[in-house]
Amino acid sequence: LGDPYPIFTTVPVAPAALDAITGLYTIDGSKETRTLYLKDGQLFSQREGGAALPVYPAGQDRFHFGPSSLSWFQMRRDANGAHVLEMHQEGGEEIERAVRTGPVPETVTVPRDTLERYVGRYAMAGMIAEIALSNDNVLTVQLTGQPAFTLEARSTTEFAIPRVGARLVFPEGNGPAPYFTTFQGGAEIKAERIAE
């Protein structure tokens with residue numbers, strides 16, 4: 001098409017040097033957020049409702065999403081010193097601006113007896129969702145024909161699946177949870193427990 005696009009080379013950067021830019025960013029003109037966080041030394045970017053994607057430093061405060069994506073962003077500071085993320089979707093010149101408004105949301109520790117309330121099989125949109133609990137208190141969900149995903153606690157009743165941008169919310173109460181609700185991409189799906 002004759003439309004030039006940037007080609008980035010990944011520059012090695014110590015994870016400690018990236019820690020300062022991690023946090024929750026609010027996108028201008030909306031209530032949507034994007035989170036930059038480190039996991040096992042790798043920087044990730046996750047737009048609210050979207051999947052977590054690995055991010056690579058390219059030097060000069062620029063970051064890219066690897067060779068299979070044209071998207072990239074530039075980090076700057078505003079007049080108040082706050083970090084500003086300027087996103088170029090698919091290599092476009094138009095900037096989606098997001099300002100850092102807080103730290104990365106913390107993962108909450110949930111007691112094992114609470115986690116055990118959620119274990120079971122649930123009917124969900126023609127599929128079966130199986131919630132399992134490991135010996136080291138890791139809760140996972142697996143839909144029919146799909147891999148299992150780790151659930152990250154945001155509260156004692158709410159769990160996130162960062163890889164797919166979804167949230168699972170269980171009702172408060174005692175005994176086995178009768179259902180959970182999944183929130184993803186603007187959709188809300190209720191999953192009812194299947195009696196054993």
# chains A, B, ... in the order shown; residues from 1 in each chain; ligands from 1
>>> residues_around(residues="Glu48 of chain A", least_positions_apart="2", cutoff="8 Å", atoms="only C-alpha atoms", output="ChimeraX atom specification")
/A:32-35,46,50,165
>>> write_last_selection(atoms="C-alpha atoms", output="compact mmCIF listing (two decimals), in the first residue's frame")
# COMPACT_ATOMS: atom_id res chain seq x y z
CA GLU A 32 -11.94 2.16 30.34
CA THR A 33 -8.55 1.26 31.73
CA ARG A 34 -5.35 -0.41 30.62
CA THR A 35 -3.05 -2.13 33.11
CA GLN A 46 -4.06 -5.52 29.32
CA GLY A 50 -9.19 -7.74 26.68
CA GLY A 165 -10.03 -10.38 29.96
>>> residues_around(residues="Thr114 of chain A", least_positions_apart="6", cutoff="10 Å", atoms="only C-alpha atoms", output="JSON, numbers by chain")
{"A": [156, 157, 172, 173, 174, 175, 176, 177]}
>>> select_by_dssp(residues="chain A", states="alpha helix (DSSP H)", output="ChimeraX atom specification")
/A:15-18,112-118
>>> write_last_selection(atoms="C-alpha atoms", output="tab-separated table (two decimals), in the first residue's frame")
chain	number	residue	atom	x	y	z
A	15	PRO	CA	12.56	-5.59	35.05
A	16	ALA	CA	13.35	-3.26	37.98
A	17	ALA	CA	13.71	-0.38	35.52
A	18	LEU	CA	10.20	-1.07	34.16
A	112	ARG	CA	-9.23	-22.24	51.40
A	113	ASP	CA	-12.66	-22.97	52.89
A	114	THR	CA	-14.07	-20.08	50.83
A	115	LEU	CA	-12.37	-21.35	47.66
A	116	GLU	CA	-13.82	-24.82	48.29
A	117	ARG	CA	-17.35	-23.32	48.08
A	118	TYR	CA	-16.72	-22.58	44.40
>>> atom_distance(atom1="atom CA of Glu152 of chain A", atom2="atom CA of Val119 of chain A")
14.7 Å
>>> select_by_dssp(residues="segment 3-190 of chain A", states="strand (DSSP E)", output="PyMOL selection string")
chain A and resi 23-27+33-39+42-47+52-59+62-64+72-77+83-88+96-102+120-124+127-133+139-143+148-150+152-153+158-161+166-169+179-184+187-190
>>> atom_distance(atom1="atom CA of Leu24 of chain A", atom2="atom CA of Gly102 of chain A")
5.1 Å
>>> closest_residue(among="A:Ala52, A:Leu36, A:Ile21, A:Met124", to="Gly81 of chain A", atoms="only C-alpha atoms")
A:Ile21
>>> atom_distance(atom1="atom CA of Ser134 of chain A", atom2="atom CA of Leu168 of chain A")
17.9 Å
>>> closest_atom_pairs(of="segment 81-194 of chain A", to="segment 54-69 of chain A", cutoff="12 Å", atoms="only C-alpha atoms", output="Markdown table")
| residue | atom | partner | partner_atom | distance |
| --- | --- | --- | --- | --- |
| A:His83 | CA | A:Asp61 | CA | 11.1 |
| A:Val84 | CA | A:Asp61 | CA | 11.0 |
| A:Leu85 | CA | A:Arg62 | CA | 9.7 |
| A:Glu86 | CA | A:Arg62 | CA | 9.4 |
| A:Met87 | CA | A:Phe63 | CA | 9.5 |
| A:His88 | CA | A:His64 | CA | 9.7 |
| A:Gln89 | CA | A:Ser69 | CA | 9.2 |
| A:Glu90 | CA | A:Ser69 | CA | 6.8 |
| A:Gly91 | CA | A:Ser69 | CA | 8.4 |
| A:Gly92 | CA | A:Ser69 | CA | 11.8 |
| A:Pro162 | CA | A:Pro54 | CA | 11.8 |
| A:Arg163 | CA | A:Pro54 | CA | 10.5 |
>>> write_last_selection(atoms="N, CA and C atoms", output="tab-separated table (two decimals), in the first residue's frame")
chain	number	residue	atom	x	y	z
A	83	HIS	N	2.71	9.47	34.57
A	83	HIS	CA	3.03	8.75	33.35
A	83	HIS	C	1.84	8.76	32.40
A	84	VAL	N	2.13	8.96	31.12
A	84	VAL	CA	1.11	8.97	30.08
A	84	VAL	C	1.49	7.93	29.03
A	85	LEU	N	0.54	7.06	28.71
A	85	LEU	CA	0.76	6.02	27.70
A	85	LEU	C	0.07	6.47	26.42
A	86	GLU	N	0.84	6.63	25.35
A	86	GLU	CA	0.30	7.06	24.06
A	86	GLU	C	0.31	5.86	23.11
A	87	MET	N	-0.86	5.26	22.94
A	87	MET	CA	-0.99	4.03	22.14
A	87	MET	C	-1.23	4.34	20.67
A	88	HIS	N	-0.51	3.63	19.81
A	88	HIS	CA	-0.71	3.68	18.36
A	88	HIS	C	-1.23	2.30	17.95
A	89	GLN	N	-2.55	2.18	17.78
A	89	GLN	CA	-3.15	0.90	17.42
A	89	GLN	C	-2.81	0.54	15.98
A	90	GLU	N	-2.33	-0.69	15.79
A	90	GLU	CA	-2.01	-1.20	14.45
A	90	GLU	C	-1.13	-0.24	13.64
A	91	GLY	N	-0.21	0.43	14.32
A	91	GLY	CA	0.75	1.30	13.64
A	91	GLY	C	0.19	2.63	13.18
A	92	GLY	N	-1.06	2.93	13.54
A	92	GLY	CA	-1.68	4.18	13.11
A	92	GLY	C	-1.06	5.41	13.76
A	162	PRO	N	-6.90	-12.89	33.56
A	162	PRO	CA	-6.22	-11.86	32.76
A	162	PRO	C	-5.95	-12.27	31.32
A	163	ARG	N	-5.69	-13.54	31.07
A	163	ARG	CA	-5.34	-13.97	29.72
A	163	ARG	C	-6.46	-13.76	28.72
>>> residues_around(residues="Tyr37 of chain A", least_positions_apart="5", cutoff="6 Å", atoms="only C-alpha atoms", output="PyMOL selection string")
chain A and resi 22+43-44
>>> closest_residue(among="A:Lys190, A:Arg154, A:Arg167, A:Arg77", to="Thr107 of chain A", atoms="only C-alpha atoms")
A:Arg154
>>> closest_residue(among="A:Thr10, A:Gln42, A:Thr101, A:Ser71", to="Thr26 of chain A", atoms="only C-alpha atoms")
A:Thr101
>>> closest_residue(among="A:Val110, A:Ile27, A:Val141, A:Ala14", to="Ala166 of chain A", atoms="only C-alpha atoms")
A:Val141
>>> residues_around(residues="Gly145 of chain A", least_positions_apart="3", cutoff="10 Å", atoms="only C-alpha atoms", output="list in words")
Met127, Ile128, Gln142 and Ala148 of chain A
>>> write_last_selection(atoms="N, CA and C atoms", output="PDB file, in the first residue's frame")
ATOM      1  N   MET A 127     -22.276 -25.200  27.533  1.00  0.00           N
ATOM      2  CA  MET A 127     -21.018 -25.856  27.870  1.00  0.00           C
ATOM      3  C   MET A 127     -20.987 -26.163  29.361  1.00  0.00           C
ATOM      4  N   ILE A 128     -19.970 -26.907  29.759  1.00  0.00           N
ATOM      5  CA  ILE A 128     -19.742 -27.191  31.170  1.00  0.00           C
ATOM      6  C   ILE A 128     -18.493 -26.423  31.605  1.00  0.00           C
ATOM      7  N   GLN A 142     -12.221 -24.419  33.712  1.00  0.00           N
ATOM      8  CA  GLN A 142     -12.019 -25.038  32.403  1.00  0.00           C
ATOM      9  C   GLN A 142     -13.365 -25.267  31.744  1.00  0.00           C
ATOM     10  N   ALA A 148      -7.487 -25.129  30.817  1.00  0.00           N
ATOM     11  CA  ALA A 148      -7.822 -24.558  32.127  1.00  0.00           C
ATOM     12  C   ALA A 148      -7.124 -23.219  32.296  1.00  0.00           C
TER      13      ALA A 148
END
